>>> print(open('data.pdb').read())   # PDB, C-alpha atoms
MODEL        1
ATOM      1  CA  MET A   1      95.128-101.446  31.342
ATOM      2  CA  SER A   2      97.947-103.652  32.578
ATOM      3  CA  ARG A   3     100.918-105.433  31.136
ATOM      4  CA  PRO A   4      99.805-108.205  28.785
ATOM      5  CA  GLN A   5     100.048-111.781  29.999
ATOM      6  CA  SER A   6     102.562-114.036  28.333
ATOM      7  CA  GLU A   7     103.819-117.547  28.837
ATOM      8  CA  PHE A   8     107.508-118.458  28.535
ATOM      9  CA  HIS A   9     108.934-117.341  25.210
ATOM     10  CA  ARG A  10     112.083-115.843  23.767
ATOM     11  CA  PRO A  11     111.793-112.050  23.666
ATOM     12  CA  VAL A  12     111.443-110.783  20.111
ATOM     13  CA  ALA A  13     111.174-107.028  20.658
ATOM     14  CA  PRO A  14     113.972-105.067  18.996
ATOM     15  CA  TRP A  15     116.750-103.494  21.037
ATOM     16  CA  ARG A  16     116.130 -99.740  21.110
ATOM     17  CA  ARG A  17     117.954 -96.747  22.493
ATOM     18  CA  PRO A  18     115.825 -95.315  25.327
ATOM     19  CA  PRO A  19     114.860 -91.640  24.947
ATOM     20  CA  GLY A  20     117.617 -89.424  26.364
ATOM     21  CA  ALA A  21     119.970 -92.358  26.963
ATOM     22  CA  SER A  22     123.712 -92.082  26.454
ATOM     23  CA  GLU A  23     125.387 -93.606  23.425
ATOM     24  CA  GLY A  24     125.874 -97.360  23.943
ATOM     25  CA  VAL A  25     122.777 -97.858  26.153
ATOM     26  CA  TRP A  26     120.060-100.145  24.761
ATOM     27  CA  GLU A  27     116.937-101.817  26.073
ATOM     28  CA  GLN A  28     114.589-104.574  24.998
ATOM     29  CA  VAL A  29     111.020-104.351  26.320
ATOM     30  CA  LEU A  30     109.792-107.593  27.877
ATOM     31  CA  ALA A  31     106.459-106.242  29.182
ATOM     32  CA  GLU A  32     105.041-102.741  29.331
ATOM     33  CA  ASP A  33     101.857-100.994  30.436
ATOM     34  CA  PRO A  34     101.459 -98.061  28.041
ATOM     35  CA  GLY A  35      98.970 -96.402  30.383
ATOM     36  CA  THR A  36     101.295 -96.139  33.378
ATOM     37  CA  GLY A  37     104.756 -96.606  31.887
ATOM     38  CA  ASP A  38     105.351 -99.559  34.230
ATOM     39  CA  GLY A  39     107.454-102.209  32.591
ATOM     40  CA  THR A  40     110.150-104.799  32.577
ATOM     41  CA  VAL A  41     113.135-104.472  30.243
ATOM     42  CA  LEU A  42     116.513-105.945  29.562
ATOM     43  CA  GLN A  43     119.001-103.082  29.556
ATOM     44  CA  ARG A  44     122.405-103.408  27.908
ATOM     45  CA  TYR A  45     125.457-101.165  27.986
ATOM     46  CA  GLU A  46     127.992-101.810  25.246
ATOM     47  CA  PRO A  47     131.625-102.220  26.354
ATOM     48  CA  GLY A  48     133.161 -98.796  26.978
ATOM     49  CA  THR A  49     129.849 -97.009  27.624
ATOM     50  CA  ASP A  50     130.192 -93.854  29.734
ATOM     51  CA  THR A  51     127.125 -91.881  30.854
ATOM     52  CA  SER A  52     129.118 -89.024  32.440
ATOM     53  CA  ALA A  53     127.684 -86.450  30.028
ATOM     54  CA  GLN A  54     124.194 -87.328  31.286
ATOM     55  CA  GLY A  55     125.249 -86.891  34.921
ATOM     56  CA  ALA A  56     123.415 -88.402  37.864
ATOM     57  CA  VAL A  57     119.758 -89.239  37.240
ATOM     58  CA  ARG A  58     116.519 -89.285  39.246
ATOM     59  CA  HIS A  59     113.139 -90.533  38.081
ATOM     60  CA  ASP A  60     109.559 -90.607  39.303
ATOM     61  CA  TYR A  61     109.148 -94.391  39.563
ATOM     62  CA  PHE A  62     110.382 -97.302  41.661
ATOM     63  CA  GLU A  63     113.172 -99.219  39.964
ATOM     64  CA  GLU A  64     114.544-102.690  40.560
ATOM     65  CA  VAL A  65     117.757-103.703  38.814
ATOM     66  CA  TYR A  66     119.398-107.137  38.757
ATOM     67  CA  ILE A  67     122.745-107.472  36.967
ATOM     68  CA  LEU A  68     122.675-110.581  34.783
ATOM     69  CA  ASP A  69     126.094-110.334  33.143
ATOM     70  CA  GLY A  70     129.094-108.016  33.130
ATOM     71  CA  SER A  71     129.752-105.059  35.424
ATOM     72  CA  LEU A  72     128.764-101.448  35.972
ATOM     73  CA  THR A  73     130.737 -98.744  37.792
ATOM     74  CA  ASP A  74     128.948 -95.900  39.594
ATOM     75  CA  LEU A  75     131.289 -92.932  39.166
ATOM     76  CA  ARG A  76     129.683 -90.916  41.972
ATOM     77  CA  LEU A  77     130.066 -93.748  44.499
ATOM     78  CA  GLY A  78     133.340 -95.080  43.093
ATOM     79  CA  GLU A  79     131.967 -98.642  43.255
ATOM     80  CA  THR A  80     131.706-101.419  40.683
ATOM     81  CA  PHE A  81     128.709-103.753  40.711
ATOM     82  CA  THR A  82     128.800-107.205  39.109
ATOM     83  CA  ALA A  83     126.573-110.074  37.958
ATOM     84  CA  GLY A  84     124.261-111.298  40.705
ATOM     85  CA  MET A  85     123.947-107.898  42.418
ATOM     86  CA  TYR A  86     120.577-106.172  42.962
ATOM     87  CA  ALA A  87     119.367-102.603  43.543
ATOM     88  CA  TYR A  88     115.970-101.231  44.633
ATOM     89  CA  ARG A  89     115.459 -97.488  44.178
ATOM     90  CA  HIS A  90     112.627 -95.274  45.363
ATOM     91  CA  PRO A  91     111.395 -92.400  43.182
ATOM     92  CA  GLY A  92     113.799 -89.461  43.359
ATOM     93  CA  MET A  93     116.870 -91.485  44.415
ATOM     94  CA  GLU A  94     119.975 -90.098  42.713
ATOM     95  CA  HIS A  95     122.169 -92.663  40.930
ATOM     96  CA  GLY A  96     124.956 -92.704  38.357
ATOM     97  CA  PRO A  97     126.617 -91.603  36.208
ATOM     98  CA  TRP A  98     127.917 -94.977  35.080
ATOM     99  CA  THR A  99     130.652 -96.597  33.035
ATOM    100  CA  SER A 100     130.968-100.173  31.874
ATOM    101  CA  ALA A 101     134.359-101.262  30.604
ATOM    102  CA  GLU A 102     133.285-104.794  29.660
ATOM    103  CA  GLY A 103     129.580-104.156  29.058
ATOM    104  CA  VAL A 104     126.627-105.163  31.195
ATOM    105  CA  VAL A 105     123.170-106.726  30.823
ATOM    106  CA  MET A 106     120.539-105.986  33.491
ATOM    107  CA  LEU A 107     116.935-106.889  34.196
ATOM    108  CA  VAL A 108     115.120-103.625  35.062
ATOM    109  CA  ILE A 109     111.607-103.408  36.517
ATOM    110  CA  ARG A 110     109.924 -99.992  36.676
ATOM    111  CA  SER A 111     106.706 -99.305  38.604
ATOM    112  CA  ARG A 112     104.796 -96.299  39.872
TER     113      ARG A 112
ENDMDL
END
>>> encode(input="data.pdb", output="structure tokens")
Amino acid sequence: MSRPQSEFHRPVAPWRRPPGASEGVWEQVLAEDPGTGDGTVLQRYEPGTDTSAQGAVRHDYFEEVYILDGSLTDLRLGETFTAGMYAYRHPGMEHGPWTSAEGVVMLVIRSR
């Protein structure tokens, strides 16, 4: 199975809290392959979100992230990333924890 085809449309999926995500983190699924877990989502952090309790994370998939609006601070690196910035992570790459004083919206693509 693969992600379903779709032509341009306004996303209608509800915003949901991803499993294990910190308070204030939400995502809206744009496309998803239930067989592999590959997908494309909009991810949103509410203003004031802090994922410190979760600590740094690693996952078993490739991840591309493009910041659409707002900013995100990586507490481990001590760097703030803003709209227009992009990240590409291999499986197992450590990243975070994060804070977002003003909130952030990101396009996230996950693939195995």
>>> resolve_selection(input="data.pdb", expression="the PyMOL selection byres ((chain A and resi 105) around 10)", output="ChimeraX atom specification")
/A:26-27,42-46,66-72,83,103-104,106-108
>>> residues_around(input="data.pdb", residues="segment 16-23 of chain A", least_positions_apart="3", cutoff="8 Å", atoms="all atoms listed in the file", output="VMD selection string")
chain A and resid 26 to 28 49 to 51 53 to 54
>>> write_last_selection(input="data.pdb", atoms="C-alpha atoms", output="short mmCIF file (atom, residue, chain, number, x, y, z; two decimals), keeping the file's coordinate frame")
data_model
loop_
_atom_site.label_atom_id
_atom_site.label_comp_id
_atom_site.auth_asym_id
_atom_site.auth_seq_id
_atom_site.Cartn_x
_atom_site.Cartn_y
_atom_site.Cartn_z
CA TRP A 26 120.06 -100.14 24.76
CA GLU A 27 116.94 -101.82 26.07
CA GLN A 28 114.59 -104.57 25.00
CA THR A 49 129.85 -97.01 27.62
CA ASP A 50 130.19 -93.85 29.73
CA THR A 51 127.12 -91.88 30.85
CA ALA A 53 127.68 -86.45 30.03
CA GLN A 54 124.19 -87.33 31.29
#
>>> closest_residue(input="data.pdb", among="A:Gly24, A:Gly84, A:Val57, A:Arg3", to="Thr40 of chain A", atoms="all atoms listed in the file")
A:Arg3
>>> residues_around(input="data.pdb", residues="Thr36 of chain A", least_positions_apart="4", cutoff="12 Å", atoms="all atoms listed in the file", output="PyMOL selection string")
chain A and resi 1-3+32+60-61+110-112
>>> atom_distance(input="data.pdb", atom1="atom CA of Gly48 of chain A", atom2="atom CA of Val29 of chain A")
22.8 Å
>>> atom_distance(input="data.pdb", atom1="atom CA of Glu79 of chain A", atom2="atom CA of Glu102 of chain A")
15.0 Å
>>> closest_residue(input="data.pdb", among="A:Glu7, A:Asp38, A:Asp74, A:Asp33", to="Pro97 of chain A", atoms="only C-alpha atoms")
A:Asp74
>>> resolve_selection(input="data.pdb", expression="the PyMOL selection byres ((chain A and resi 90) around 12)", output="PDB file with C-alpha atoms, keeping the file's coordinate frame")
ATOM      1  CA  ARG A  58     116.519 -89.285  39.246  1.00  0.00           C
ATOM      2  CA  HIS A  59     113.139 -90.533  38.081  1.00  0.00           C
ATOM      3  CA  ASP A  60     109.559 -90.607  39.303  1.00  0.00           C
ATOM      4  CA  TYR A  61     109.148 -94.391  39.563  1.00  0.00           C
ATOM      5  CA  PHE A  62     110.382 -97.302  41.661  1.00  0.00           C
ATOM      6  CA  GLU A  63     113.172 -99.219  39.964  1.00  0.00           C
ATOM      7  CA  GLU A  64     114.544-102.690  40.560  1.00  0.00           C
ATOM      8  CA  VAL A  65     117.757-103.703  38.814  1.00  0.00           C
ATOM      9  CA  ALA A  87     119.367-102.603  43.543  1.00  0.00           C
ATOM     10  CA  TYR A  88     115.970-101.231  44.633  1.00  0.00           C
ATOM     11  CA  ARG A  89     115.459 -97.488  44.178  1.00  0.00           C
ATOM     12  CA  PRO A  91     111.395 -92.400  43.182  1.00  0.00           C
ATOM     13  CA  GLY A  92     113.799 -89.461  43.359  1.00  0.00           C
ATOM     14  CA  MET A  93     116.870 -91.485  44.415  1.00  0.00           C
ATOM     15  CA  GLU A  94     119.975 -90.098  42.713  1.00  0.00           C
ATOM     16  CA  HIS A  95     122.169 -92.663  40.930  1.00  0.00           C
ATOM     17  CA  ARG A 110     109.924 -99.992  36.676  1.00  0.00           C
ATOM     18  CA  SER A 111     106.706 -99.305  38.604  1.00  0.00           C
ATOM     19  CA  ARG A 112     104.796 -96.299  39.872  1.00  0.00           C
TER      20      ARG A 112
END
>>> atom_distance(input="data.pdb", atom1="atom CA of Ala56 of chain A", atom2="atom CA of Met85 of chain A")
20.0 Å
>>> closest_residue(input="data.pdb", among="A:Ile109, A:Leu30, A:Leu75, A:Pro47", to="Trp15 of chain A", atoms="all atoms listed in the file")
A:Leu30
>>> build_atoms(input="data.pdb", residues="segment 28-39 of chain A", atoms="all heavy atoms", output="mmCIF file, in the frame of the given file")
data_model
loop_
_atom_site.group_PDB
_atom_site.id
_atom_site.type_symbol
_atom_site.label_atom_id
_atom_site.label_comp_id
_atom_site.auth_asym_id
_atom_site.auth_seq_id
_atom_site.Cartn_x
_atom_site.Cartn_y
_atom_site.Cartn_z
ATOM 1 N N GLN A 28 115.552 -103.724 25.685
ATOM 2 C CA GLN A 28 114.589 -104.574 24.998
ATOM 3 C C GLN A 28 113.389 -104.724 25.930
ATOM 4 O O GLN A 28 113.535 -105.203 27.056
ATOM 5 C CB GLN A 28 115.203 -105.941 24.692
ATOM 6 C CG GLN A 28 114.270 -106.864 23.948
ATOM 7 C CD GLN A 28 114.878 -108.232 23.728
ATOM 8 O OE1 GLN A 28 115.434 -108.824 24.649
ATOM 9 N NE2 GLN A 28 114.774 -108.731 22.509
ATOM 10 N N VAL A 29 112.228 -104.293 25.495
ATOM 11 C CA VAL A 29 111.020 -104.351 26.320
ATOM 12 C C VAL A 29 110.539 -105.797 26.412
ATOM 13 O O VAL A 29 110.347 -106.467 25.392
ATOM 14 C CB VAL A 29 109.909 -103.451 25.748
ATOM 15 C CG1 VAL A 29 108.628 -103.613 26.541
ATOM 16 C CG2 VAL A 29 110.360 -102.003 25.733
ATOM 17 N N LEU A 30 110.355 -106.265 27.644
ATOM 18 C CA LEU A 30 109.792 -107.593 27.877
ATOM 19 C C LEU A 30 108.297 -107.492 28.126
ATOM 20 O O LEU A 30 107.519 -108.321 27.663
ATOM 21 C CB LEU A 30 110.484 -108.266 29.061
ATOM 22 C CG LEU A 30 111.996 -108.457 28.932
ATOM 23 C CD1 LEU A 30 112.553 -109.067 30.203
ATOM 24 C CD2 LEU A 30 112.341 -109.305 27.721
ATOM 25 N N ALA A 31 107.877 -106.494 28.893
ATOM 26 C CA ALA A 31 106.459 -106.242 29.182
ATOM 27 C C ALA A 31 106.318 -104.771 29.532
ATOM 28 O O ALA A 31 107.180 -104.205 30.205
ATOM 29 C CB ALA A 31 105.986 -107.111 30.339
ATOM 30 N N GLU A 32 105.215 -104.170 29.092
ATOM 31 C CA GLU A 32 105.041 -102.741 29.331
ATOM 32 C C GLU A 32 103.558 -102.408 29.415
ATOM 33 O O GLU A 32 102.754 -102.950 28.657
ATOM 34 C CB GLU A 32 105.697 -101.965 28.194
ATOM 35 C CG GLU A 32 105.777 -100.490 28.410
ATOM 36 C CD GLU A 32 106.623 -99.824 27.339
ATOM 37 O OE1 GLU A 32 106.476 -100.144 26.149
ATOM 38 O OE2 GLU A 32 107.441 -98.982 27.704
ATOM 39 N N ASP A 33 103.210 -101.527 30.337
ATOM 40 C CA ASP A 33 101.857 -100.994 30.436
ATOM 41 C C ASP A 33 101.896 -99.588 29.865
ATOM 42 O O ASP A 33 102.431 -98.672 30.498
ATOM 43 C CB ASP A 33 101.402 -100.972 31.896
ATOM 44 C CG ASP A 33 99.995 -100.425 32.077
ATOM 45 O OD1 ASP A 33 99.495 -99.719 31.171
ATOM 46 O OD2 ASP A 33 99.395 -100.704 33.120
ATOM 47 N N PRO A 34 101.375 -99.385 28.657
ATOM 48 C CA PRO A 34 101.459 -98.061 28.041
ATOM 49 C C PRO A 34 100.713 -96.981 28.814
ATOM 50 O O PRO A 34 101.049 -95.808 28.723
ATOM 51 C CB PRO A 34 100.842 -98.252 26.653
ATOM 52 C CG PRO A 34 100.372 -99.649 26.567
ATOM 53 C CD PRO A 34 100.713 -100.363 27.824
ATOM 54 N N GLY A 35 99.734 -97.375 29.612
ATOM 55 C CA GLY A 35 98.970 -96.402 30.383
ATOM 56 C C GLY A 35 99.742 -95.809 31.544
ATOM 57 O O GLY A 35 99.607 -94.629 31.862
ATOM 58 N N THR A 36 100.566 -96.614 32.197
ATOM 59 C CA THR A 36 101.295 -96.139 33.378
ATOM 60 C C THR A 36 102.787 -95.959 33.136
ATOM 61 O O THR A 36 103.463 -95.285 33.900
ATOM 62 C CB THR A 36 101.149 -97.143 34.535
ATOM 63 O OG1 THR A 36 101.770 -98.378 34.157
ATOM 64 C CG2 THR A 36 99.693 -97.368 34.894
ATOM 65 N N GLY A 37 103.317 -96.618 32.103
ATOM 66 C CA GLY A 37 104.756 -96.606 31.887
ATOM 67 C C GLY A 37 105.473 -97.681 32.673
ATOM 68 O O GLY A 37 106.687 -97.843 32.559
ATOM 69 N N ASP A 38 104.738 -98.441 33.509
ATOM 70 C CA ASP A 38 105.351 -99.559 34.230
ATOM 71 C C ASP A 38 105.858 -100.572 33.210
ATOM 72 O O ASP A 38 105.240 -100.755 32.151
ATOM 73 C CB ASP A 38 104.332 -100.252 35.139
ATOM 74 C CG ASP A 38 103.900 -99.397 36.316
ATOM 75 O OD1 ASP A 38 104.438 -98.278 36.479
ATOM 76 O OD2 ASP A 38 103.020 -99.851 37.065
ATOM 77 N N GLY A 39 106.952 -101.230 33.534
ATOM 78 C CA GLY A 39 107.454 -102.209 32.591
ATOM 79 C C GLY A 39 108.654 -102.968 33.097
ATOM 80 O O GLY A 39 109.236 -102.652 34.139
#
